[in-house]
Amino acid sequence: MAHLRSRRRLALAVPVVLSLTASLGFLPGAASAAPLTAPAATTADGPNLAYVVNTKADHQTIESVKKAITAAGGSVVIAYEQIGVIVVHSANPDFGKQIRAVRGVQSAGATRTSPLTPAGTTDEGAAQVLSAAEAAKVSSSATSGEEPLEADQWDLRAIGADKAADINPGSKNVTVAVIDVGVDDTHPDIAPNFSASQSANCVGGKADTTYGAWRPVDADHYHGTHVAGEIAAARNGVGVAGVAPGVKVAGITVAEPDSTQLFYPESVVCAFVFAADHGVEITNNSYYVDPWLYNCLDDPDQRAIVDAVNRAQLYAQKKGTLNVAAAGNSNDDLDSDAIVDDSSPDDSTAVPRTVDPHQCFDVPTQLPGVVTVSSTGVKGAKSYFSSYGDGVIDVAAPGGDKYQIPDTPSKNGRILSTLPNNQYGYLQGTSMATPHVAAVAALLKSKYPWATPAQLQALLKAQADNPGCPTDPYDGNGDGVVDATCAGGKRVNGFYGAGIVNALRAVK
């Protein structure tokens, strides 16, 4: 589960936007003198890999490139003409090199380093399932008007979501799509608000809208169900409550169905396009795109991944969708000059490398216009695992922290929410912080239905509470070692961005 992310960060920072624009914007011209078709495919067979081939969003160009793909030994899975992204499979070991030489191709590269198999999140640690005895203990503490397990939901009270629900629980006209490992829509806390018509399975890059295709393949694929409950678990006298219990939630599955649960680029491209074309107002992205934690633009494969996913998420923004993503659980300073990435590629053998996060991007969180979210615990301090960065983090939200202990029946500093098979459990991570932000954005969209994604992001920041950088050295796990340094001021800083979101203020 390398990427289900209690997750990572927004590149609304001007340097990142300018870097992406400058680095990717010249690609069409660079291909203008290339040959019209690719040379014949090499006869030697290599591993069967998936690729993204990025072209002008022009039917004639795409049809020409499709012919070149076939000539180079590739097969087209699907072409997203609206953004100029073609998903391809090929066993030609020189496919990437050959297709990049074709006229009209702006970037192209493999989306994985290991072969396709027959058909990552960012939570920190495994789920702690709530037993029947523990649930009974928590339920005994519920007060009038509360959901049975709400006494353990310190996170709702931390951002005023319990009081906000009495004023405006959110509109059924607003949908948050959980792009994840799948959502169990049969859960009694999720079923009342689930939107099947806006749900799909995008694994492999092509949307499958067969009824139930969005569901997790087994109970170990629990991450998306937990996220969905945090957003929109109904106030129906059962279990827990979501931050926006009146909005709709959809599930778009992008994780591989095996135990790796990897989130490959072509699946994420499909998810953003599907969400945009099906009227989704907000997407929740508690993961990073595999197999690279950071995608460096000087590598042609990683460059193509950034290009393809960025086209898809920008397309969604232009269609009115706000994309919210997790900053990650590595406790990385995303505004530093160098970060050691020792986990990539995560689909084969990792090779440690040092990267500059201003040139090598965590996708989708560092893409332009995406809301990047850091995590806090019950004390309002940055979670010990949460990545951060001045000019990188947009807002913060409760994501849990086992070292920050709440005064609740369970004394559990993690986030309690729904799990598959009608269960409940605790998780922590920026994966858990992100749905709190997505839900507050949904409340804002309910109040201001004509707000654009950029306006929603501005509203999120305007209603946030910023505690400012800590006055004492930050020691997240209490071992006496300084774990991170907060840069910035009271209004905007590297730990919290513009501040911790506030659901009550959002609905007032």
# chains A, B, ... in the order shown; residues from 1 in each chain; ligands from 1
$ residues_around --residues "range 449-453 of chain A" --least-positions-apart "2" --cutoff "10 Å" --atoms "only C-alpha atoms" --output "list of chain:residue names"
A:Ser171, A:Asn173, A:Val174, A:Glu281, A:Ile282, A:Ala316, A:Gln317, A:Lys318, A:Lys319, A:Gly320, A:Thr321, A:Leu322, A:Asn323, A:Gly369, A:Val370, A:Val371, A:Ala441, A:Ala442, A:Leu443, A:Leu444, A:Lys445, A:Ser446, A:Lys447, A:Gln455, A:Leu456, A:Gln457, A:Ala458, A:Leu459
$ residues_around --residues "Thr434 in chain A" --least-positions-apart "5" --cutoff "10 Å" --atoms "only C-alpha atoms" --output "list in words"
Arg5, Ser6, Arg7, Arg8, Arg9, Val227, Glu230, Ile231, Asn284, Asn285, Ser286, Tyr287, Val324, Ala325, Ala326, Ala327, Val371, Thr372, Val373, Ser374, Ser375, Val395, Ala396, Ala397, Pro398, Gly399, Gly429 and Ala439 of chain A
$ write_last_selection --atoms "C-alpha atoms" --output "PDB file, in the first residue's frame"
ATOM      1  CA  ARG A   5      -1.841   8.614   1.153  1.00  0.00           C
ATOM      2  CA  SER A   6      -2.531  10.283   4.196  1.00  0.00           C
ATOM      3  CA  ARG A   7      -1.154  12.581   1.481  1.00  0.00           C
ATOM      4  CA  ARG A   8       0.663  15.356  -0.007  1.00  0.00           C
ATOM      5  CA  ARG A   9       0.684  18.757  -1.607  1.00  0.00           C
ATOM      6  CA  VAL A 227     -12.263   8.447   3.156  1.00  0.00           C
ATOM      7  CA  GLU A 230     -15.136  11.063   6.581  1.00  0.00           C
ATOM      8  CA  ILE A 231     -16.678  13.183   3.850  1.00  0.00           C
ATOM      9  CA  ASN A 284     -10.511  13.755  -3.199  1.00  0.00           C
ATOM     10  CA  ASN A 285      -7.017  12.469  -3.961  1.00  0.00           C
ATOM     11  CA  SER A 286      -5.444  10.750  -0.949  1.00  0.00           C
ATOM     12  CA  TYR A 287      -2.621   9.073  -2.883  1.00  0.00           C
ATOM     13  CA  VAL A 324      -7.947  18.307  -3.391  1.00  0.00           C
ATOM     14  CA  ALA A 325      -4.833  16.203  -2.646  1.00  0.00           C
ATOM     15  CA  ALA A 326      -2.766  15.000   0.305  1.00  0.00           C
ATOM     16  CA  ALA A 327       0.702  16.363   1.022  1.00  0.00           C
ATOM     17  CA  VAL A 371      -5.341  22.082  -3.148  1.00  0.00           C
ATOM     18  CA  THR A 372      -2.457  20.617  -1.100  1.00  0.00           C
ATOM     19  CA  VAL A 373      -3.354  19.465   2.404  1.00  0.00           C
ATOM     20  CA  SER A 374      -1.209  18.862   5.502  1.00  0.00           C
ATOM     21  CA  SER A 375      -2.361  16.965   8.588  1.00  0.00           C
ATOM     22  CA  VAL A 395      -4.546  24.397   4.084  1.00  0.00           C
ATOM     23  CA  ALA A 396      -4.444  21.869   6.910  1.00  0.00           C
ATOM     24  CA  ALA A 397      -7.048  19.592   8.509  1.00  0.00           C
ATOM     25  CA  PRO A 398      -7.349  16.849  11.127  1.00  0.00           C
ATOM     26  CA  GLY A 399      -5.652  13.695   9.875  1.00  0.00           C
ATOM     27  CA  GLY A 429      -2.415  10.222   7.637  1.00  0.00           C
ATOM     28  CA  ALA A 439     -15.897  18.045   2.651  1.00  0.00           C
TER      29      ALA A 439
END
$ closest_residue --among "A:Tyr51, A:Tyr222, A:Phe194, A:Phe495" --to "Pro420 in chain A" --atoms "only C-alpha atoms"
A:Tyr222
$ select_by_dssp --residues "range 309-382 of chain A" --states "strand (DSSP E)" --output "list in words"
Leu322, Asn323, Val324, Ala325, Ala326, Ile339, Val340, Asp341, Arg353, Thr354, Val355, Cys360, Phe361, Val371, Thr372, Val373, Ser374, Ser375 and Thr376 of chain A
$ atom_distance --atom1 "CA of Arg112 in chain A" --atom2 "CA of Leu367 in chain A"
20.0 Å
$ atom_distance --atom1 "CA of Thr418 in chain A" --atom2 "CA of Asp277 in chain A"
27.9 Å
$ decode --residues "range 261-290 of chain A" --atoms "N, CA, C and O atoms" --output "CSV table (one decimal), in the first residue's frame"
chain,number,residue,atom,x,y,z
A,261,GLN,N,-2.0,-2.5,-4.6
A,261,GLN,CA,-2.9,-1.3,-4.6
A,261,GLN,C,-2.2,-0.1,-5.2
A,261,GLN,O,-2.4,1.0,-4.7
A,262,LEU,N,-1.5,-0.3,-6.3
A,262,LEU,CA,-0.8,0.8,-6.9
A,262,LEU,C,-1.7,1.7,-7.8
A,262,LEU,O,-2.7,1.2,-8.3
A,263,PHE,N,-1.4,3.0,-7.8
A,263,PHE,CA,-2.2,3.9,-8.6
A,263,PHE,C,-1.4,4.4,-9.8
A,263,PHE,O,-0.6,5.3,-9.7
A,264,TYR,N,-1.6,3.7,-10.9
A,264,TYR,CA,-0.9,4.1,-12.1
A,264,TYR,C,-1.5,5.3,-12.8
A,264,TYR,O,-2.7,5.6,-12.8
A,265,PRO,N,-0.6,6.0,-13.6
A,265,PRO,CA,-1.0,7.3,-14.2
A,265,PRO,C,-2.2,7.2,-15.1
A,265,PRO,O,-3.1,8.0,-15.1
A,266,GLU,N,-2.3,6.1,-15.9
A,266,GLU,CA,-3.4,6.0,-16.9
A,266,GLU,C,-4.7,5.9,-16.2
A,266,GLU,O,-5.8,6.4,-16.6
A,267,SER,N,-4.7,5.2,-15.0
A,267,SER,CA,-6.0,5.1,-14.2
A,267,SER,C,-6.4,6.4,-13.7
A,267,SER,O,-7.6,6.8,-13.6
A,268,VAL,N,-5.4,7.2,-13.2
A,268,VAL,CA,-5.7,8.5,-12.6
A,268,VAL,C,-6.2,9.5,-13.7
A,268,VAL,O,-7.1,10.3,-13.5
A,269,VAL,N,-5.6,9.4,-14.9
A,269,VAL,CA,-6.1,10.3,-16.0
A,269,VAL,C,-7.5,10.0,-16.3
A,269,VAL,O,-8.4,10.9,-16.4
A,270,CYS,N,-7.9,8.7,-16.4
A,270,CYS,CA,-9.2,8.3,-16.6
A,270,CYS,C,-10.2,8.9,-15.5
A,270,CYS,O,-11.3,9.4,-15.8
A,271,ALA,N,-9.7,8.8,-14.3
A,271,ALA,CA,-10.6,9.3,-13.1
A,271,ALA,C,-10.9,10.8,-13.2
A,271,ALA,O,-12.0,11.2,-13.0
A,272,PHE,N,-9.9,11.6,-13.5
A,272,PHE,CA,-10.1,13.0,-13.6
A,272,PHE,C,-11.0,13.4,-14.7
A,272,PHE,O,-12.0,14.2,-14.6
A,273,VAL,N,-10.8,12.7,-15.9
A,273,VAL,CA,-11.7,13.0,-17.0
A,273,VAL,C,-13.1,12.5,-16.8
A,273,VAL,O,-14.1,13.2,-17.1
A,274,PHE,N,-13.3,11.3,-16.2
A,274,PHE,CA,-14.6,10.8,-15.9
A,274,PHE,C,-15.3,11.7,-14.9
A,274,PHE,O,-16.5,12.0,-15.1
A,275,ALA,N,-14.6,12.1,-13.8
A,275,ALA,CA,-15.2,13.0,-12.9
A,275,ALA,C,-15.7,14.3,-13.5
A,275,ALA,O,-16.8,14.8,-13.3
A,276,ALA,N,-14.9,14.9,-14.4
A,276,ALA,CA,-15.2,16.1,-15.0
A,276,ALA,C,-16.4,16.0,-15.9
A,276,ALA,O,-17.3,16.8,-16.0
A,277,ASP,N,-16.4,14.9,-16.7
A,277,ASP,CA,-17.5,14.7,-17.7
A,277,ASP,C,-18.8,14.2,-17.0
A,277,ASP,O,-19.8,14.1,-17.7
A,278,HIS,N,-18.8,13.9,-15.7
A,278,HIS,CA,-20.0,13.4,-15.0
A,278,HIS,C,-20.4,14.4,-13.9
A,278,HIS,O,-21.1,14.0,-13.0
A,279,GLY,N,-20.0,15.7,-14.1
A,279,GLY,CA,-20.5,16.7,-13.2
A,279,GLY,C,-20.1,16.7,-11.8
A,279,GLY,O,-20.8,17.2,-10.9
A,280,VAL,N,-18.9,16.1,-11.5
A,280,VAL,CA,-18.4,16.0,-10.1
A,280,VAL,C,-17.9,17.4,-9.7
A,280,VAL,O,-17.1,18.0,-10.5
A,281,GLU,N,-18.2,17.9,-8.6
A,281,GLU,CA,-17.8,19.3,-8.2
A,281,GLU,C,-16.4,19.2,-7.5
A,281,GLU,O,-15.6,20.2,-7.6
A,282,ILE,N,-16.1,18.2,-6.8
A,282,ILE,CA,-14.8,18.1,-6.0
A,282,ILE,C,-14.3,16.7,-6.1
A,282,ILE,O,-15.1,15.7,-6.0
A,283,THR,N,-13.0,16.5,-6.3
A,283,THR,CA,-12.4,15.2,-6.2
A,283,THR,C,-11.4,15.2,-5.0
A,283,THR,O,-10.8,16.1,-4.6
A,284,ASN,N,-11.4,14.0,-4.3
A,284,ASN,CA,-10.5,13.8,-3.2
A,284,ASN,C,-9.4,12.8,-3.7
A,284,ASN,O,-9.7,11.7,-4.1
A,285,ASN,N,-8.2,13.2,-3.5
A,285,ASN,CA,-7.0,12.5,-4.0
A,285,ASN,C,-6.0,12.2,-2.8
A,285,ASN,O,-5.1,13.0,-2.6
A,286,SER,N,-6.3,11.1,-2.1
A,286,SER,CA,-5.4,10.8,-0.9
A,286,SER,C,-4.4,9.7,-1.4
A,286,SER,O,-4.5,8.6,-0.9
A,287,TYR,N,-3.6,10.0,-2.3
A,287,TYR,CA,-2.6,9.1,-2.9
A,287,TYR,C,-1.6,9.8,-3.6
A,287,TYR,O,-1.7,11.1,-3.8
A,288,TYR,N,-0.5,9.2,-4.1
A,288,TYR,CA,0.3,9.7,-5.1
A,288,TYR,C,0.4,8.7,-6.3
A,288,TYR,O,0.1,7.5,-6.1
A,289,VAL,N,0.6,9.3,-7.5
A,289,VAL,CA,0.6,8.4,-8.7
A,289,VAL,C,1.9,7.6,-8.7
A,289,VAL,O,3.0,8.1,-8.6
A,290,ASP,N,1.7,6.3,-8.8
A,290,ASP,CA,2.9,5.4,-8.9
A,290,ASP,C,3.4,5.3,-10.4
A,290,ASP,O,2.7,5.7,-11.3
